[in-house]
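Notes for the one structure printed next.
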Amino acid sequence: MPVLPLSRAPLLSAVVPVLVAHWPDAIPRLLFGRSFPAFQQLRCSPSPSCGSPLCLLQLLFTPVCGVRMWDMEPEERRRVSGSLGSSQKTADETSTPESPACNDSCSNPAHAGVRKEGMLMGELEALVQEMVTASSWWERHGLDWFILFLNFLALPLGFLCLRSQSTLVFVLGIIILGMVHHTFTVKGSHLASHGALSESKHWSRFWVLFFVEVCTSFTAEQATHGHVKLHHGYTNVVGLGDSSTWKVPILNRYVYMFFAPLMLPVITPLVALGLLRKEEPRIALRTLCLMSLGLFSHYWLLIKVSGFQSPGFALLCMLITRGLLALPYIHINIFQHIGLPMFSLDKKPPRIHMMSLGVLNLPRNPILDWTFGHSLISCHVEHHLFPRLSDNMCLKVKPVVSKFLQRNHLPYNEDSYLSRLWLFLSRYEELMVHAPPITDLVGLQ
């Protein structure tokens with residue numbers, strides 16, 4: 001992206017010194033934990049000469065977003081990441097890990113096998129990229145935004161239904177608010193954390209903060225680090241992306257599977273507060289403000305719009321709506337990885353093998369497809385192979401991905417919700433308490 005000299009932007013030249021004089025980097029420090037670089041390094045959007053306020057804001061914040069400040073971790077996590085060694089750095093989620101170098105005279109069959117797997121991933125990426133390029137904006141982003149927009153419109157209806165004296169209408173309000181909440185906190189947060197809602201870095205960052213911190217009451221930095229960096233970078237690698245964060249060995253199978261998830265609305269902000277101790281003060285302050293904004297807004301709307309007289313009743317309603325779909329949320333997070341092959345860090349297979357072996361798709365479900373999104377339900381394999389695709393695009397490329405994996409004799413895991421539920425109930429100790437066995441794919445590491 002070309003550098004924009006200040007001489008080519010008269011409006012920028014006039015406004016920037018005033019901004020700097022009055023607000024010495026307070027806003028970017030609060031939002032991004034970093035001050036502005038030198039103004040000579042300002043980078044422009046594709047239309048730098050428009051001079052509009054939106055373009056100006058993009059110009060101001062591009063140097064901050066351009067270096068991906070929100071992806072940078074605190075010093076403690078940088079030391080942890082460094083301990084993995086330079087040879088084990090997390091691969092970019094949209095790229096294929098490099099295969100070991102092997103020239104034409106190489107006689108090692110293991111190297112040749114890994115090179116072949118890299119070629120397979122490249123071929124699949126080309127097929128998917130061709131479909132993405134041929135798709136319209138509506139297919140890439142529009143349909144998912146339409147679903148989120150309908151949920152925004154449903155919010156007033158849900159709060160107004162809670163004013164009714166009719167039990168049926170009141171229950172309808174609970175269901176509407178519960179569906180909207182989980183659409184924002186699961187579908188919205190998930191797509192935003194992967195940058196699948198917008199092709200703009202600025203807007204992607206905004207939606208991450210809105211859906212993760214305001215709606216979900218969690219910290220965006222920890223969510224991005226744990227899900228995007230570790231879970232996707234090291235899918236089913238023991239100790240990194242093996243979904244072990246969902247395990248609670250002290251609980252028995254029935255408490256964990258059917259009762260503990262109902263407390264998720266209480267546990268989530270408490271866990272976030274504990275994780276904030278690892279963050280820089282500016283980031284912790286921002287997260288606390290946004291979390292408080294989301295929780296207080298929910299409570300205020302129940303009191304002022306829904307007409308609740310009792311604060312305790314309002315808090316109980318918040319707990320019910322925020323935990324309405326907590327059971328399937330916990331279930332799908334363990335069903336789609338735990339019980340599948342796990343790998344060690346030093347012997348993990350190439351990306352296409354790791355994702356085809358360690359990820360499972362569930363059948364389509366109208367309620368879960370709407371609130372959680374296709375990428376978490378019926379297109380989870382596709383999502384792990386191409387995490388920046390939106391839910392609708394994952395559904396569109398699903399036939400291509402499944403046929404490609406099957407044609408190349410690679411696994412394409414699918415199972416029903418009830419089948420996985422029975423598996424976890426019958427083998428709970430093995431899957432959720434004991435350490436998983438390590439799968440060793442000879443010649444593919």
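Letters A, B, ... mark the chains of the structure tokens in the order given; residue numbers begin at 1 per chain; ligand numbers begin at 1, in order shown.
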Can you tell me, as a compact mmCIF listing (two decimals) with N, CA and C atoms, in the first residue's frame, what residues are no more than 9 Å from Leu143 of chain A when counting only C-alpha atoms, ignoring any on the same chain fewer than 5 positions away?
# COMPACT_ATOMS: atom_id res chain seq x y z
N TRP A 137 -20.19 -9.77 -3.25
CA TRP A 137 -20.06 -9.31 -1.86
C TRP A 137 -21.17 -9.88 -1.00
N TRP A 138 -22.37 -10.02 -1.56
CA TRP A 138 -23.48 -10.58 -0.81
C TRP A 138 -23.15 -11.99 -0.33
N LEU A 148 -27.20 -10.77 11.04
CA LEU A 148 -26.89 -9.94 12.21
C LEU A 148 -27.79 -8.72 12.27
N ASP A 391 -19.46 -17.49 7.18
CA ASP A 391 -20.29 -18.69 7.32
C ASP A 391 -20.90 -19.10 5.99
N ASN A 392 -21.43 -18.14 5.25
CA ASN A 392 -22.06 -18.48 3.98
C ASN A 392 -21.06 -19.02 2.97
Which segment 288-365 of chain A residues have any atom within 8 Å of an atom of segment 153-168 of chain A, and for each, what is the nearest pair of atoms with distance in Å to one decimal, counting only C-alpha atoms, rows sorted by chain and number, as CSV?
residue,atom,partner,partner_atom,distance
A:Leu301,CA,A:Phe159,CA,7.3
A:Leu302,CA,A:Phe159,CA,6.8
A:Val305,CA,A:Phe159,CA,6.4
A:Ser306,CA,A:Arg163,CA,4.8
A:Gly307,CA,A:Arg163,CA,6.0
A:Phe308,CA,A:Arg163,CA,7.9
Go ahead and compute the interatomic distance for atom CA of Leu360 of chain A and atom CA of His380 of chain A, in Å to one decimal. 6.4 Å
Produce a table with one row for each residue of segment 247-339 of chain A that has an atom at most 10 Å from any atom of segment 366-377 of chain A, each row naming the nearest atom pair and its distance in Å at one decimal; use only C-alpha atoms; arrange rows by chain and rising residue number; format as CSV.
residue,atom,partner,partner_atom,distance
A:Leu325,CA,A:Leu368,CA,8.9
A:Pro328,CA,A:Leu368,CA,8.3
A:Tyr329,CA,A:Phe372,CA,8.1
A:Ile332,CA,A:Ile377,CA,7.4
A:Asn333,CA,A:Leu376,CA,8.4
A:Gln336,CA,A:Ile377,CA,8.7
Output C-alpha atoms for every residue in the selection just made, as a JSON list (two decimals), in the first residue's frame.
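And here is the file that came out, part.json:
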[["chain", "number", "residue", "atom", "x", "y", "z"],
["A", 325, "LEU", "CA", -28.20, -21.90, 24.32],
["A", 328, "PRO", "CA", -25.28, -26.73, 22.80],
["A", 329, "TYR", "CA", -22.52, -24.11, 22.86],
["A", 332, "ILE", "CA", -20.25, -28.35, 20.00],
["A", 333, "ASN", "CA", -16.95, -27.02, 21.33],
["A", 336, "GLN", "CA", -15.87, -31.36, 17.10]]
Return as a count of residues only the full set of residues in segment 193-427 of chain A whose backbone-based DSSP assignment is alpha helix (DSSP H). 124
Find the residues of segment 324-424 of chain A that sit at most 12 Å from segment 229-240 of chain A; for each, write down the nearest two atoms and how far apart they are in Å, to one decimal. Count only C-alpha atoms. Sort by chain, then by number going up, and give it as CSV.
residue,atom,partner,partner_atom,distance
A:Asn333,CA,A:His231,CA,11.4
A:Ile334,CA,A:Asn236,CA,11.5
A:Gln336,CA,A:Asn236,CA,10.5
A:His337,CA,A:Asn236,CA,7.0
A:Ile338,CA,A:Asn236,CA,8.1
A:Gly339,CA,A:Asn236,CA,10.0
A:Leu340,CA,A:Asn236,CA,8.2
A:Pro341,CA,A:Asn236,CA,7.2
A:Met342,CA,A:Asn236,CA,5.0
A:Phe343,CA,A:Val237,CA,4.7
A:Ser344,CA,A:Val237,CA,5.5
A:Leu345,CA,A:Val237,CA,5.9
A:Asp346,CA,A:Val237,CA,9.4
A:Lys347,CA,A:Val237,CA,9.2
A:Lys348,CA,A:Val237,CA,7.1
A:Pro349,CA,A:Val237,CA,9.9
A:Pro350,CA,A:Tyr234,CA,10.9
A:Arg351,CA,A:Thr235,CA,9.1
A:Ile352,CA,A:Thr235,CA,11.1
A:His353,CA,A:Thr235,CA,10.7
A:Met354,CA,A:Thr235,CA,7.0
A:Met355,CA,A:Thr235,CA,7.1
A:Ser356,CA,A:Thr235,CA,10.5
A:Leu357,CA,A:Asn236,CA,9.2
A:Gly358,CA,A:Asn236,CA,6.1
A:Val359,CA,A:Thr235,CA,8.3
A:Leu360,CA,A:Asn236,CA,11.7
A:His380,CA,A:His232,CA,11.4
A:Val381,CA,A:Thr235,CA,11.2
A:His383,CA,A:His232,CA,9.6
A:His384,CA,A:His232,CA,6.6
A:Leu385,CA,A:His232,CA,9.0
A:Phe386,CA,A:His232,CA,10.0
A:Pro387,CA,A:His232,CA,8.1
A:Arg388,CA,A:His232,CA,11.1
Export of prior selection with N, CA and C atoms as a short mmCIF file (atom, residue, chain, number, x, y, z; two decimals), in the first residue's frame:
data_model
loop_
_atom_site.label_atom_id
_atom_site.label_comp_id
_atom_site.auth_asym_id
_atom_site.auth_seq_id
_atom_site.Cartn_x
_atom_site.Cartn_y
_atom_site.Cartn_z
N ASN A 333 -18.38 -27.32 21.15
CA ASN A 333 -16.95 -27.02 21.33
C ASN A 333 -16.14 -28.24 21.71
N ILE A 334 -16.76 -29.23 22.33
CA ILE A 334 -16.02 -30.45 22.67
C ILE A 334 -16.28 -31.56 21.65
N GLN A 336 -16.50 -31.46 18.41
CA GLN A 336 -15.87 -31.36 17.10
C GLN A 336 -14.35 -31.50 17.11
N HIS A 337 -13.76 -31.72 18.30
CA HIS A 337 -12.30 -31.92 18.36
C HIS A 337 -11.89 -33.03 19.32
N ILE A 338 -12.43 -33.00 20.52
CA ILE A 338 -12.05 -34.00 21.52
C ILE A 338 -12.57 -35.37 21.09
N GLY A 339 -11.73 -36.39 21.24
CA GLY A 339 -12.06 -37.73 20.77
C GLY A 339 -11.53 -38.03 19.39
N LEU A 340 -11.00 -37.01 18.72
CA LEU A 340 -10.35 -37.18 17.43
C LEU A 340 -8.84 -37.22 17.63
N PRO A 341 -8.05 -37.58 16.61
CA PRO A 341 -6.59 -37.69 16.78
C PRO A 341 -5.97 -36.42 17.34
N MET A 342 -5.07 -36.60 18.30
CA MET A 342 -4.29 -35.50 18.88
C MET A 342 -2.82 -35.69 18.52
N PHE A 343 -2.09 -34.57 18.44
CA PHE A 343 -0.72 -34.61 17.96
C PHE A 343 0.21 -33.93 18.95
N SER A 344 1.47 -34.32 18.91
CA SER A 344 2.49 -33.63 19.70
C SER A 344 3.06 -32.48 18.88
N LEU A 345 3.62 -31.49 19.55
CA LEU A 345 4.12 -30.31 18.87
C LEU A 345 5.23 -30.63 17.88
N ASP A 346 6.13 -31.54 18.26
CA ASP A 346 7.29 -31.82 17.42
C ASP A 346 6.97 -32.82 16.29
N LYS A 347 5.77 -33.40 16.31
CA LYS A 347 5.43 -34.38 15.28
C LYS A 347 4.06 -34.13 14.67
N LYS A 348 3.67 -32.86 14.63
CA LYS A 348 2.37 -32.56 14.04
C LYS A 348 2.44 -32.70 12.52
N PRO A 349 1.38 -33.21 11.91
CA PRO A 349 1.38 -33.44 10.46
C PRO A 349 1.17 -32.15 9.69
N PRO A 350 1.27 -32.21 8.36
CA PRO A 350 0.96 -31.02 7.54
C PRO A 350 -0.46 -30.54 7.77
N ARG A 351 -0.71 -29.31 7.40
CA ARG A 351 -1.98 -28.65 7.73
C ARG A 351 -3.20 -29.42 7.23
N ILE A 352 -3.16 -29.89 6.00
CA ILE A 352 -4.34 -30.53 5.44
C ILE A 352 -4.66 -31.82 6.18
N HIS A 353 -3.63 -32.55 6.63
CA HIS A 353 -3.85 -33.76 7.43
C HIS A 353 -4.34 -33.40 8.83
N MET A 354 -3.76 -32.36 9.41
CA MET A 354 -4.15 -31.96 10.76
C MET A 354 -5.62 -31.58 10.83
N MET A 355 -6.09 -30.85 9.84
CA MET A 355 -7.47 -30.39 9.85
C MET A 355 -8.45 -31.49 9.45
N SER A 356 -8.08 -32.32 8.50
CA SER A 356 -9.00 -33.38 8.08
C SER A 356 -9.11 -34.47 9.15
N LEU A 357 -8.06 -34.70 9.90
CA LEU A 357 -8.10 -35.71 10.95
C LEU A 357 -8.70 -35.19 12.26
N GLY A 358 -8.41 -33.94 12.60
CA GLY A 358 -8.73 -33.43 13.92
C GLY A 358 -9.97 -32.58 14.04
N VAL A 359 -10.78 -32.49 12.97
CA VAL A 359 -11.97 -31.63 12.98
C VAL A 359 -13.16 -32.44 12.48
N LEU A 360 -14.34 -32.16 13.03
CA LEU A 360 -15.55 -32.91 12.69
C LEU A 360 -16.71 -31.96 12.41
N HIS A 380 -17.38 -27.05 9.89
CA HIS A 380 -16.24 -26.80 10.77
C HIS A 380 -14.92 -27.22 10.13
N VAL A 381 -14.94 -28.28 9.35
CA VAL A 381 -13.72 -28.70 8.63
C VAL A 381 -13.31 -27.60 7.66
N HIS A 383 -14.05 -24.48 7.82
CA HIS A 383 -13.63 -23.31 8.58
C HIS A 383 -12.20 -23.44 9.05
N HIS A 384 -11.79 -24.60 9.50
CA HIS A 384 -10.41 -24.77 9.97
C HIS A 384 -9.41 -24.74 8.81
N LEU A 385 -9.83 -25.17 7.66
CA LEU A 385 -8.94 -25.09 6.50
C LEU A 385 -8.84 -23.67 5.96
N PHE A 386 -9.96 -22.93 6.03
CA PHE A 386 -10.00 -21.56 5.50
C PHE A 386 -10.73 -20.66 6.50
N PRO A 387 -10.07 -20.30 7.59
CA PRO A 387 -10.75 -19.61 8.70
C PRO A 387 -11.21 -18.20 8.41
N ARG A 388 -10.75 -17.58 7.35
CA ARG A 388 -11.19 -16.21 7.06
C ARG A 388 -12.46 -16.17 6.21
#
